[in-house]
>>> print(open('upload32.pdb').read())   # PDB, C-alpha atoms
MODEL        1
ATOM      1  CA  MET A   1    -300.720 -93.612 147.339
ATOM      2  CA  PHE A   2    -301.681 -96.861 149.157
ATOM      3  CA  GLY A   3    -298.214 -98.285 148.602
ATOM      4  CA  ARG A   4    -296.730 -95.288 150.384
ATOM      5  CA  THR A   5    -299.058 -95.530 153.388
ATOM      6  CA  LEU A   6    -299.171 -99.283 153.909
ATOM      7  CA  PRO A   7    -295.560 -99.917 155.095
ATOM      8  CA  ASN A   8    -295.968 -97.283 157.819
ATOM      9  CA  ILE A   9    -299.288 -98.714 158.960
ATOM     10  CA  LEU A  10    -297.852-102.230 159.147
ATOM     11  CA  ALA A  11    -294.841-100.928 161.081
ATOM     12  CA  ILE A  12    -297.034 -99.139 163.638
ATOM     13  CA  ILE A  13    -299.310-102.158 164.117
ATOM     14  CA  PHE A  14    -296.420-104.528 164.821
ATOM     15  CA  LEU A  15    -294.583-101.947 166.933
ATOM     16  CA  SER A  16    -297.739-101.666 169.040
ATOM     17  CA  GLY A  17    -297.582-105.433 169.621
ATOM     18  CA  LEU A  18    -294.006-105.149 170.891
ATOM     19  CA  PHE A  19    -294.862-102.145 173.038
ATOM     20  CA  ILE A  20    -297.845-103.764 174.708
ATOM     21  CA  GLU A  21    -295.905-106.964 175.387
ATOM     22  CA  PHE A  22    -292.695-105.400 176.669
ATOM     23  CA  ALA A  23    -293.935-102.213 178.345
ATOM     24  CA  PRO A  24    -297.087-103.187 180.225
ATOM     25  CA  ILE A  25    -299.140-100.232 181.340
ATOM     26  CA  GLU A  26    -299.778-101.773 184.770
ATOM     27  CA  GLN A  27    -296.081-101.446 185.588
ATOM     28  CA  MET A  28    -296.001 -97.855 184.439
ATOM     29  CA  THR A  29    -298.834 -96.903 186.744
ATOM     30  CA  ASN A  30    -296.604 -97.858 189.694
ATOM     31  CA  PHE A  31    -294.992 -94.471 189.218
ATOM     32  CA  LEU A  32    -298.233 -92.846 190.297
ATOM     33  CA  GLY A  33    -299.147 -91.880 193.815
ATOM     34  CA  GLY A  34    -297.133 -88.725 194.311
ATOM     35  CA  GLY A  35    -298.264 -85.134 194.168
ATOM     36  CA  LEU A  36    -301.094 -83.714 192.109
ATOM     37  CA  LEU A  37    -298.878 -82.138 189.450
ATOM     38  CA  SER A  38    -296.439 -85.041 189.252
ATOM     39  CA  ASP A  39    -299.321 -87.537 188.980
ATOM     40  CA  THR A  40    -300.848 -85.433 186.206
ATOM     41  CA  LEU A  41    -297.527 -85.364 184.369
ATOM     42  CA  VAL A  42    -297.086 -89.125 184.802
ATOM     43  CA  GLY A  43    -300.694 -89.693 183.669
ATOM     44  CA  ALA A  44    -300.083 -87.608 180.538
ATOM     45  CA  GLY A  45    -296.767 -89.392 180.027
ATOM     46  CA  ILE A  46    -298.372 -92.843 180.194
ATOM     47  CA  GLY A  47    -301.107 -91.749 177.802
ATOM     48  CA  SER A  48    -298.517 -90.328 175.399
ATOM     49  CA  VAL A  49    -296.490 -93.508 175.081
ATOM     50  CA  SER A  50    -299.499 -95.822 175.102
ATOM     51  CA  THR A  51    -301.205 -97.107 172.057
ATOM     52  CA  GLY A  52    -304.320 -99.033 171.195
ATOM     53  CA  ASN A  53    -308.036 -98.468 171.261
ATOM     54  CA  PRO A  54    -309.152 -95.536 173.465
ATOM     55  CA  LEU A  55    -311.532 -98.040 175.011
ATOM     56  CA  ILE A  56    -308.526 -99.443 176.901
ATOM     57  CA  SER A  57    -307.781 -95.974 178.295
ATOM     58  CA  TYR A  58    -311.367 -95.631 179.584
ATOM     59  CA  VAL A  59    -311.218 -98.984 181.319
ATOM     60  CA  LEU A  60    -307.755 -98.270 182.739
ATOM     61  CA  GLY A  61    -308.720 -94.720 183.731
ATOM     62  CA  GLY A  62    -311.896 -95.950 185.427
ATOM     63  CA  GLU A  63    -309.964 -98.588 187.379
ATOM     64  CA  LEU A  64    -307.251 -96.128 188.418
ATOM     65  CA  LEU A  65    -309.878 -93.641 189.548
ATOM     66  CA  ASP A  66    -311.445 -96.382 191.695
ATOM     67  CA  GLN A  67    -308.025 -97.074 193.171
ATOM     68  CA  GLY A  68    -307.771 -93.473 194.279
ATOM     69  CA  MET A  69    -305.844 -91.814 191.494
ATOM     70  CA  SER A  70    -306.704 -88.156 191.061
ATOM     71  CA  LEU A  71    -309.164 -87.126 188.369
ATOM     72  CA  LEU A  72    -306.514 -84.742 187.047
ATOM     73  CA  ALA A  73    -304.085 -87.581 186.350
ATOM     74  CA  VAL A  74    -306.789 -89.806 184.851
ATOM     75  CA  THR A  75    -308.028 -87.000 182.577
ATOM     76  CA  ALA A  76    -304.484 -86.216 181.431
ATOM     77  CA  LEU A  77    -304.050 -89.924 180.660
ATOM     78  CA  LEU A  78    -307.328 -90.133 178.695
ATOM     79  CA  VAL A  79    -306.624 -87.005 176.644
ATOM     80  CA  SER A  80    -302.965 -87.719 175.864
ATOM     81  CA  TRP A  81    -303.821 -91.352 174.983
ATOM     82  CA  VAL A  82    -305.776 -90.169 171.954
ATOM     83  CA  THR A  83    -303.991 -86.931 171.085
ATOM     84  CA  VAL A  84    -300.279 -87.655 171.555
ATOM     85  CA  GLY A  85    -298.832 -90.379 169.375
ATOM     86  CA  SER A  86    -295.291 -91.368 170.313
ATOM     87  CA  ILE A  87    -295.606 -94.733 168.604
ATOM     88  CA  GLN A  88    -297.034 -93.136 165.452
ATOM     89  CA  LEU A  89    -294.503 -90.290 165.492
ATOM     90  CA  PRO A  90    -292.170 -91.755 162.820
ATOM     91  CA  ALA A  91    -295.132 -92.204 160.464
ATOM     92  CA  GLU A  92    -296.421 -88.716 161.230
ATOM     93  CA  MET A  93    -292.961 -87.246 160.605
ATOM     94  CA  HIS A  94    -292.738 -89.156 157.357
ATOM     95  CA  SER A  95    -296.098 -87.823 156.217
ATOM     96  CA  PHE A  96    -296.024 -84.210 157.401
ATOM     97  CA  GLY A  97    -292.420 -83.453 158.223
ATOM     98  CA  LEU A  98    -290.375 -83.528 161.427
ATOM     99  CA  ARG A  99    -291.173 -80.023 162.628
ATOM    100  CA  PHE A 100    -294.940 -80.304 162.209
ATOM    101  CA  ALA A 101    -295.082 -83.711 163.928
ATOM    102  CA  LEU A 102    -292.928 -82.685 166.890
ATOM    103  CA  VAL A 103    -294.701 -79.360 167.410
ATOM    104  CA  ARG A 104    -298.160 -80.935 167.122
ATOM    105  CA  ASN A 105    -297.373 -83.677 169.621
ATOM    106  CA  ALA A 106    -295.677 -81.308 172.068
ATOM    107  CA  ILE A 107    -298.673 -78.966 171.983
ATOM    108  CA  SER A 108    -301.027 -81.927 172.397
ATOM    109  CA  PHE A 109    -299.102 -83.039 175.512
ATOM    110  CA  LEU A 110    -299.336 -79.545 176.986
ATOM    111  CA  PHE A 111    -303.034 -79.350 176.111
ATOM    112  CA  ALA A 112    -303.669 -82.673 177.887
ATOM    113  CA  LEU A 113    -302.469 -81.036 181.111
ATOM    114  CA  ILE A 114    -304.442 -77.825 180.506
ATOM    115  CA  ILE A 115    -307.636 -79.725 179.614
ATOM    116  CA  ALA A 116    -307.254 -81.867 182.749
ATOM    117  CA  PHE A 117    -307.052 -78.768 184.952
ATOM    118  CA  LEU A 118    -309.871 -76.957 183.100
ATOM    119  CA  SER A 119    -312.155 -79.997 183.271
ATOM    120  CA  LEU A 120    -311.613 -80.360 187.006
ATOM    121  CA  ILE A 121    -312.220 -76.654 187.630
ATOM    122  CA  THR A 122    -315.357 -76.711 185.462
ATOM    123  CA  LEU A 123    -316.750 -79.779 187.208
ATOM    124  CA  GLN A 124    -316.038 -78.265 190.620
ATOM    125  CA  THR A 125    -317.699 -75.011 189.556
ATOM    126  CA  LEU A 126    -320.737 -76.951 188.369
ATOM    127  CA  GLY A 127    -320.750 -78.861 191.665
ATOM    128  CA  VAL A 128    -320.310 -82.236 189.991
ATOM    129  CA  ALA A 129    -318.475 -84.936 191.916
ATOM    130  CA  LEU A 130    -317.331 -88.223 190.393
TER
ATOM    131  CA  MET B   1    -275.582 -80.102 135.078
ATOM    132  CA  THR B   2    -274.088 -83.148 133.442
ATOM    133  CA  THR B   3    -276.573 -85.481 135.125
ATOM    134  CA  SER B   4    -279.738 -85.671 133.149
ATOM    135  CA  SER B   5    -282.993 -84.801 134.875
ATOM    136  CA  PRO B   6    -284.657 -88.214 134.358
ATOM    137  CA  GLN B   7    -281.659 -89.912 136.019
ATOM    138  CA  LYS B   8    -281.883 -87.572 138.984
ATOM    139  CA  GLN B   9    -285.587 -88.236 139.236
ATOM    140  CA  LYS B  10    -285.032 -91.982 139.075
ATOM    141  CA  GLY B  11    -282.464 -91.738 141.859
ATOM    142  CA  LYS B  12    -284.808 -89.693 144.034
ATOM    143  CA  LYS B  13    -287.644 -92.125 143.373
ATOM    144  CA  GLN B  14    -285.502 -95.107 144.404
ATOM    145  CA  GLN B  15    -284.332 -93.241 147.524
ATOM    146  CA  SER B  16    -287.916 -92.362 148.398
ATOM    147  CA  ALA B  17    -289.075 -95.966 147.889
ATOM    148  CA  ALA B  18    -286.278 -97.210 150.158
ATOM    149  CA  GLY B  19    -287.238 -94.609 152.766
ATOM    150  CA  LEU B  20    -290.760 -96.006 152.905
ATOM    151  CA  PHE B  21    -289.495 -99.307 154.258
ATOM    152  CA  ILE B  22    -286.966 -97.971 156.785
ATOM    153  CA  PHE B  23    -289.509 -97.760 159.615
ATOM    154  CA  LEU B  24    -290.823-101.243 158.807
ATOM    155  CA  ALA B  25    -287.257-102.576 158.678
ATOM    156  CA  VAL B  26    -286.492-101.026 162.097
ATOM    157  CA  VAL B  27    -289.579-102.728 163.560
ATOM    158  CA  ALA B  28    -288.540-106.049 161.963
ATOM    159  CA  ALA B  29    -285.078-105.623 163.524
ATOM    160  CA  LEU B  30    -286.676-104.975 166.924
ATOM    161  CA  TYR B  31    -288.649-108.218 166.541
ATOM    162  CA  GLY B  32    -285.404-110.004 165.664
ATOM    163  CA  LEU B  33    -283.841-108.662 168.832
ATOM    164  CA  ALA B  34    -286.917-109.609 170.864
ATOM    165  CA  PHE B  35    -286.808-113.181 169.453
ATOM    166  CA  LEU B  36    -283.203-113.506 170.571
ATOM    167  CA  MET B  37    -283.862-112.137 174.052
ATOM    168  CA  ALA B  38    -287.328-113.470 174.882
ATOM    169  CA  PRO B  39    -288.722-115.729 172.124
ATOM    170  CA  GLU B  40    -292.057-116.458 173.834
ATOM    171  CA  ARG B  41    -292.826-112.827 174.480
ATOM    172  CA  ALA B  42    -291.798-111.911 170.934
ATOM    173  CA  ILE B  43    -294.229-114.511 169.561
ATOM    174  CA  HIS B  44    -296.901-113.108 171.861
ATOM    175  CA  ALA B  45    -296.191-109.605 170.531
ATOM    176  CA  LEU B  46    -296.351-110.885 166.952
ATOM    177  CA  HIS B  47    -299.691-112.585 167.661
ATOM    178  CA  PHE B  48    -300.993-109.337 169.084
ATOM    179  CA  GLY B  49    -299.846-107.459 165.974
ATOM    180  CA  LEU B  50    -301.467-109.999 163.659
ATOM    181  CA  LYS B  51    -304.692-109.888 165.668
ATOM    182  CA  MET B  52    -304.689-106.100 165.482
ATOM    183  CA  LEU B  53    -304.022-106.249 161.747
ATOM    184  CA  SER B  54    -306.938-108.608 161.135
ATOM    185  CA  ARG B  55    -309.212-106.415 163.253
ATOM    186  CA  LEU B  56    -308.138-103.253 161.428
ATOM    187  CA  ALA B  57    -308.200-104.734 157.937
ATOM    188  CA  PRO B  58    -311.838-103.799 157.207
ATOM    189  CA  ILE B  59    -311.302-100.250 158.502
ATOM    190  CA  LEU B  60    -308.110 -99.869 156.480
ATOM    191  CA  ALA B  61    -309.901-101.163 153.406
ATOM    192  CA  LEU B  62    -312.659 -98.602 153.978
ATOM    193  CA  VAL B  63    -310.122 -95.782 154.438
ATOM    194  CA  PHE B  64    -308.248 -96.774 151.291
ATOM    195  CA  PHE B  65    -311.528 -96.945 149.382
ATOM    196  CA  LEU B  66    -312.473 -93.483 150.680
ATOM    197  CA  MET B  67    -309.035 -92.185 149.708
ATOM    198  CA  PHE B  68    -309.558 -93.593 146.231
ATOM    199  CA  LEU B  69    -313.008 -91.985 145.906
ATOM    200  CA  LEU B  70    -311.916 -88.647 147.358
ATOM    201  CA  ASN B  71    -308.879 -88.614 145.112
ATOM    202  CA  MET B  72    -311.116 -89.200 142.130
ATOM    203  CA  PHE B  73    -313.889 -86.755 142.925
ATOM    204  CA  ILE B  74    -312.479 -84.053 145.197
ATOM    205  CA  LYS B  75    -310.468 -81.665 143.121
ATOM    206  CA  PRO B  76    -307.836 -79.204 144.363
ATOM    207  CA  ASP B  77    -310.248 -76.305 143.780
ATOM    208  CA  TRP B  78    -312.764 -77.755 146.233
ATOM    209  CA  ILE B  79    -310.062 -78.293 148.855
ATOM    210  CA  ARG B  80    -308.669 -74.791 148.411
ATOM    211  CA  ASN B  81    -312.186 -73.337 148.800
ATOM    212  CA  HIS B  82    -313.348 -75.446 151.759
ATOM    213  CA  VAL B  83    -310.225 -76.353 153.754
ATOM    214  CA  GLY B  84    -307.650 -74.132 152.109
ATOM    215  CA  HIS B  85    -305.753 -71.181 153.539
ATOM    216  CA  ASP B  86    -308.732 -68.830 153.151
ATOM    217  CA  SER B  87    -311.396 -71.239 154.393
ATOM    218  CA  GLY B  88    -311.652 -69.494 157.778
ATOM    219  CA  LEU B  89    -314.134 -70.718 160.381
ATOM    220  CA  LYS B  90    -315.905 -72.941 157.855
ATOM    221  CA  GLY B  91    -312.648 -74.807 157.260
ATOM    222  CA  PHE B  92    -312.210 -75.460 160.978
ATOM    223  CA  LEU B  93    -315.795 -76.656 161.338
ATOM    224  CA  ILE B  94    -315.374 -79.069 158.417
ATOM    225  CA  ALA B  95    -312.006 -80.366 159.699
ATOM    226  CA  ILE B  96    -313.200 -80.839 163.292
ATOM    227  CA  ALA B  97    -316.495 -82.475 162.297
ATOM    228  CA  SER B  98    -314.639 -84.788 159.898
ATOM    229  CA  GLY B  99    -312.156 -85.692 162.637
ATOM    230  CA  ILE B 100    -314.927 -86.547 165.072
ATOM    231  CA  ILE B 101    -316.768 -88.836 162.665
ATOM    232  CA  SER B 102    -313.620 -90.437 161.218
ATOM    233  CA  MET B 103    -313.043 -94.060 162.179
ATOM    234  CA  GLY B 104    -310.058 -96.315 162.712
ATOM    235  CA  PRO B 105    -306.531 -95.545 163.856
ATOM    236  CA  ILE B 106    -305.061 -92.084 163.346
ATOM    237  CA  TYR B 107    -302.221 -93.284 161.114
ATOM    238  CA  ALA B 108    -304.685 -94.688 158.597
ATOM    239  CA  TRP B 109    -305.608 -91.080 157.742
ATOM    240  CA  TYR B 110    -302.082 -89.746 157.234
ATOM    241  CA  GLY B 111    -302.033 -90.695 153.552
ATOM    242  CA  MET B 112    -305.303 -88.941 152.770
ATOM    243  CA  LEU B 113    -304.355 -85.796 154.705
ATOM    244  CA  LYS B 114    -300.976 -85.694 152.994
ATOM    245  CA  ASP B 115    -302.744 -85.906 149.670
ATOM    246  CA  PHE B 116    -305.163 -83.135 150.687
ATOM    247  CA  HIS B 117    -302.266 -80.940 151.762
ATOM    248  CA  LYS B 118    -300.660 -81.358 148.382
ATOM    249  CA  LYS B 119    -303.909 -80.073 146.915
ATOM    250  CA  GLY B 120    -303.978 -77.028 149.203
ATOM    251  CA  MET B 121    -305.324 -78.051 152.639
ATOM    252  CA  ARG B 122    -304.231 -75.700 155.386
ATOM    253  CA  PRO B 123    -301.783 -77.234 157.951
ATOM    254  CA  ALA B 124    -303.855 -75.855 160.862
ATOM    255  CA  LEU B 125    -306.806 -77.887 159.634
ATOM    256  CA  ILE B 126    -304.706 -81.062 159.396
ATOM    257  CA  ALA B 127    -303.713 -80.604 163.048
ATOM    258  CA  ALA B 128    -307.314 -79.751 164.023
ATOM    259  CA  PHE B 129    -308.571 -82.889 162.257
ATOM    260  CA  LEU B 130    -305.975 -85.062 164.032
ATOM    261  CA  TYR B 131    -306.796 -83.556 167.434
ATOM    262  CA  SER B 132    -310.572 -83.727 167.077
ATOM    263  CA  ARG B 133    -310.287 -87.473 166.537
ATOM    264  CA  SER B 134    -309.948 -87.609 170.343
ATOM    265  CA  VAL B 135    -313.726 -87.276 170.553
ATOM    266  CA  LYS B 136    -314.946 -90.786 169.837
ATOM    267  CA  LEU B 137    -318.682 -90.775 169.235
ATOM    268  CA  PRO B 138    -319.162 -94.574 169.366
ATOM    269  CA  LEU B 139    -317.256 -94.747 172.665
ATOM    270  CA  LEU B 140    -319.114 -91.939 174.430
ATOM    271  CA  PRO B 141    -321.595 -94.335 176.112
ATOM    272  CA  LEU B 142    -318.667 -96.212 177.649
ATOM    273  CA  MET B 143    -317.138 -92.971 178.863
ATOM    274  CA  VAL B 144    -320.474 -91.996 180.395
ATOM    275  CA  TYR B 145    -320.593 -95.410 182.108
ATOM    276  CA  TYR B 146    -317.159 -94.936 183.690
ATOM    277  CA  PHE B 147    -317.082 -91.197 184.374
ATOM    278  CA  GLY B 148    -320.648 -89.891 184.181
ATOM    279  CA  ILE B 149    -322.433 -87.668 181.694
ATOM    280  CA  ALA B 150    -321.241 -84.332 183.109
ATOM    281  CA  TYR B 151    -317.581 -85.344 182.898
ATOM    282  CA  THR B 152    -318.063 -86.713 179.374
ATOM    283  CA  LEU B 153    -319.734 -83.516 178.165
ATOM    284  CA  VAL B 154    -317.170 -81.220 179.792
ATOM    285  CA  LEU B 155    -314.198 -83.211 178.474
ATOM    286  CA  SER B 156    -315.670 -83.500 174.968
ATOM    287  CA  PHE B 157    -316.384 -79.756 174.919
ATOM    288  CA  TYR B 158    -312.788 -78.901 175.828
ATOM    289  CA  MET B 159    -311.339 -81.404 173.366
ATOM    290  CA  ILE B 160    -313.391 -79.901 170.521
ATOM    291  CA  LEU B 161    -312.460 -76.372 171.591
ATOM    292  CA  PHE B 162    -308.779 -77.229 171.844
ATOM    293  CA  SER B 163    -308.817 -78.875 168.403
ATOM    294  CA  ALA B 164    -308.986 -75.431 166.807
ATOM    295  CA  ALA B 165    -306.390 -74.039 169.236
ATOM    296  CA  ASN B 166    -304.092 -76.988 168.513
ATOM    297  CA  GLY B 167    -304.438 -76.387 164.778
ATOM    298  CA  LEU B 168    -303.688 -72.683 164.964
ATOM    299  CA  LEU B 169    -300.784 -73.056 167.387
ATOM    300  CA  THR B 170    -299.231 -75.948 165.463
ATOM    301  CA  GLU B 171    -299.445 -74.018 162.214
ATOM    302  CA  TRP B 172    -297.984 -70.914 163.815
ATOM    303  CA  LEU B 173    -295.094 -72.688 165.535
ATOM    304  CA  ALA B 174    -294.339 -74.981 162.613
ATOM    305  CA  SER B 175    -294.677 -72.203 160.059
ATOM    306  CA  GLY B 176    -290.887 -71.829 159.813
ATOM    307  CA  LYS B 177    -291.142 -74.834 157.595
ATOM    308  CA  LYS B 178    -294.512 -75.699 156.154
ATOM    309  CA  VAL B 179    -296.024 -79.154 156.369
ATOM    310  CA  ARG B 180    -294.076 -81.274 153.976
ATOM    311  CA  SER B 181    -295.864 -83.017 151.150
ATOM    312  CA  GLN B 182    -294.166 -86.353 150.698
ATOM    313  CA  SER B 183    -295.074 -86.467 147.072
ATOM    314  CA  GLY B 184    -291.669 -87.712 146.180
ATOM    315  CA  SER B 185    -291.115 -84.474 144.258
ATOM    316  CA  THR B 186    -291.471 -86.314 141.012
ATOM    317  CA  GLU B 187    -295.173 -85.943 140.688
TER
ENDMDL
END
>>> encode(input="upload32.pdb", output="structure tokens")
Amino acid sequence: MFGRTLPNILAIIFLSGLFIEFAPIEQMTNFLGGGLLSDTLVGAGIGSVSTGNPLISYVLGGELLDQGMSLLAVTALLVSWVTVGSIQLPAEMHSFGLRFALVRNAISFLFALIIAFLSLITLQTLGVAL
Amino acid sequence: MTTSSPQKQKGKKQQSAAGLFIFLAVVAALYGLAFLMAPERAIHALHFGLKMLSRLAPILALVFFLMFLLNMFIKPDWIRNHVGHDSGLKGFLIAIASGIISMGPIYAWYGMLKDFHKKGMRPALIAAFLYSRSVKLPLLPLMVYYFGIAYTLVLSFYMILFSAANGLLTEWLASGKKVRSQSGSTE
């Protein structure tokens, strides 16, 4: 059982190293600054292809919010960071099958957008401002 | 019909073992390419990977130990009763709560979930477990620091709620072909 899991884990860890070195998140955030929906999509997109501790997403999200990014985009980034796993997708497909992995990740991406909108509406209804 | 069953099984086993290393081999090839194009950055990436590996080693050891214990003590009957196809709301509550308290990277849990599925765990609960891992209890104070308590509570509430929805929808849409157990078909 361990022998079957370990190669995938090692592959993901070292792929994460390559990703972080060659696709810095700071450069990706340059795509932000457009409309509300496009920013939310870009935020969810960045979160989906990013990897690493969610702690990084909080720090990044907090900084981006300070720089004026919409809460919608930041929320989509935070949610998709931990729910959509593009880097882990090959391992997920290997474990649970192609169809399950693709469907689960696609739904998670869509849910990141829905949760972002619902959270904003809820906070506005409650009269909470960040 | 002329090929004997053990030979077929041996062939499948070898194919399956080779398949395990394909992903790792692709990553190694990417590193090779990176070394040719930008050696310093490739070394930096490798250092990052090694650092991550050393940081995750204790968590991975814990997960593997848990997998070993669960494999020994949790029998298929228990799984079928608690997180099986007829587990209902209780199954979702167990899966979501387990996801929230689970530690380490998501991929460390694939092996255990795959094993549970072989023993009868419902696919919706696998998806719910994976989604509910988005609520990170130890990191909540940091989230409160950056975004405030109201935002943290609202977001956590929706993420827990959508864990069940994600599970049900994934199972429904992927039901054309059930979650595959990569048991190697020889077990």
>>> atom_distance(input="upload32.pdb", atom1="atom CA of Leu89 of chain A", atom2="atom CA of Leu71 of chain A")
27.4 Å
>>> closest_residue(input="upload32.pdb", among="B:Ala128, B:Leu46, B:Ala38, B:Leu69", to="chain A", atoms="only C-alpha atoms")
B:Leu46
>>> resolve_selection(input="upload32.pdb", expression="the PyMOL selection byres ((chain B and resi 82-91) around 7)", output="list in words")
Trp78, Ile79, Arg80, Asn81, Phe92, Leu93, Ile94, Ala95, Gly120, Met121, Arg122 and Leu125 of chain B
>>> resolve_selection(input="upload32.pdb", expression="the PyMOL selection byres ((chain A and resi 92) around 10)", output="list in words")
Asn8, Gly85, Ser86, Ile87, Gln88, Leu89, Pro90, Ala91, Met93, His94, Ser95, Phe96, Gly97, Leu98, Phe100, Ala101, Leu102, Arg104 and Asn105 of chain A; Ile106, Tyr107, Tyr110, Gly111 and Lys114 of chain B
>>> interface_residues(input="upload32.pdb", of="chain B", to="chain A", cutoff="6 Å", atoms="all atoms listed in the file", output="PyMOL selection string")
chain B and resi 24+45+48-49+111+131+134+146+170+174+179-180
>>> axis_aligned_box(input="upload32.pdb", around="segment 133-137 of chain B", padding_each_side="4 Å", output="lines of an AutoDock Vina configuration file")
center_x = -314.3
center_y = -89.0
center_z = 168.5
size_x = 16.7
size_y = 11.5
size_z = 12.0
>>> atom_distance(input="upload32.pdb", atom1="atom CA of Ala164 of chain B", atom2="atom CA of Ala127 of chain B")
8.3 Å
>>> atom_distance(input="upload32.pdb", atom1="atom CA of Glu40 of chain B", atom2="atom CA of Val49 of chain A")
23.4 Å
>>> closest_residue(input="upload32.pdb", among="B:Gly167, B:Leu161, B:Phe129, B:Met143", to="Ile56 of chain A", atoms="only C-alpha atoms")
B:Met143
>>> resolve_selection(input="upload32.pdb", expression="the PyMOL selection byres ((chain A and resi 44) around 8)", output="PDB file with C-alpha atoms, in the frame of the given file")
ATOM      1  CA  THR A  40    -300.848 -85.433 186.206  1.00  0.00           C
ATOM      2  CA  LEU A  41    -297.527 -85.364 184.369  1.00  0.00           C
ATOM      3  CA  VAL A  42    -297.086 -89.125 184.802  1.00  0.00           C
ATOM      4  CA  GLY A  43    -300.694 -89.693 183.669  1.00  0.00           C
ATOM      5  CA  GLY A  45    -296.767 -89.392 180.027  1.00  0.00           C
ATOM      6  CA  ILE A  46    -298.372 -92.843 180.194  1.00  0.00           C
ATOM      7  CA  GLY A  47    -301.107 -91.749 177.802  1.00  0.00           C
ATOM      8  CA  SER A  48    -298.517 -90.328 175.399  1.00  0.00           C
ATOM      9  CA  ALA A  73    -304.085 -87.581 186.350  1.00  0.00           C
ATOM     10  CA  ALA A  76    -304.484 -86.216 181.431  1.00  0.00           C
ATOM     11  CA  LEU A  77    -304.050 -89.924 180.660  1.00  0.00           C
ATOM     12  CA  LEU A  78    -307.328 -90.133 178.695  1.00  0.00           C
ATOM     13  CA  VAL A  79    -306.624 -87.005 176.644  1.00  0.00           C
ATOM     14  CA  SER A  80    -302.965 -87.719 175.864  1.00  0.00           C
ATOM     15  CA  TRP A  81    -303.821 -91.352 174.983  1.00  0.00           C
ATOM     16  CA  PHE A 109    -299.102 -83.039 175.512  1.00  0.00           C
ATOM     17  CA  ALA A 112    -303.669 -82.673 177.887  1.00  0.00           C
ATOM     18  CA  LEU A 113    -302.469 -81.036 181.111  1.00  0.00           C
TER      19      LEU A 113
END
>>> residues_around(input="upload32.pdb", residues="Lys136 of chain B", least_positions_apart="2", cutoff="10 Å", atoms="only C-alpha atoms", output="count of residues only")
17
>>> build_atoms(input="upload32.pdb", residues="segment 102-113 of chain B", atoms="N, CA and C atoms", output="short mmCIF file (atom, residue, chain, number, x, y, z; two decimals), in the frame of the given file")
data_model
loop_
_atom_site.label_atom_id
_atom_site.label_comp_id
_atom_site.auth_asym_id
_atom_site.auth_seq_id
_atom_site.Cartn_x
_atom_site.Cartn_y
_atom_site.Cartn_z
N SER B 102 -314.55 -89.50 161.87
CA SER B 102 -313.62 -90.44 161.22
C SER B 102 -313.42 -91.68 162.10
N MET B 103 -313.19 -92.79 161.44
CA MET B 103 -313.04 -94.06 162.18
C MET B 103 -311.62 -94.59 162.06
N GLY B 104 -311.33 -95.62 162.83
CA GLY B 104 -310.06 -96.32 162.71
C GLY B 104 -308.89 -95.57 163.34
N PRO B 105 -307.70 -96.16 163.23
CA PRO B 105 -306.53 -95.54 163.86
C PRO B 105 -306.10 -94.27 163.13
N ILE B 106 -305.46 -93.40 163.87
CA ILE B 106 -305.06 -92.08 163.35
C ILE B 106 -304.15 -92.21 162.13
N TYR B 107 -303.22 -93.19 162.18
CA TYR B 107 -302.22 -93.28 161.11
C TYR B 107 -302.83 -93.71 159.77
N ALA B 108 -304.04 -94.28 159.84
CA ALA B 108 -304.68 -94.69 158.60
C ALA B 108 -305.08 -93.46 157.76
N TRP B 109 -305.16 -92.30 158.43
CA TRP B 109 -305.61 -91.08 157.74
C TRP B 109 -304.45 -90.23 157.24
N TYR B 110 -303.23 -90.57 157.63
CA TYR B 110 -302.08 -89.75 157.23
C TYR B 110 -301.99 -89.60 155.71
N GLY B 111 -302.17 -90.70 155.00
CA GLY B 111 -302.03 -90.70 153.55
C GLY B 111 -303.02 -89.74 152.89
N MET B 112 -304.28 -89.79 153.35
CA MET B 112 -305.30 -88.94 152.77
C MET B 112 -305.03 -87.47 153.07
N LEU B 113 -304.63 -87.19 154.32
CA LEU B 113 -304.36 -85.80 154.71
C LEU B 113 -303.16 -85.24 153.94
#
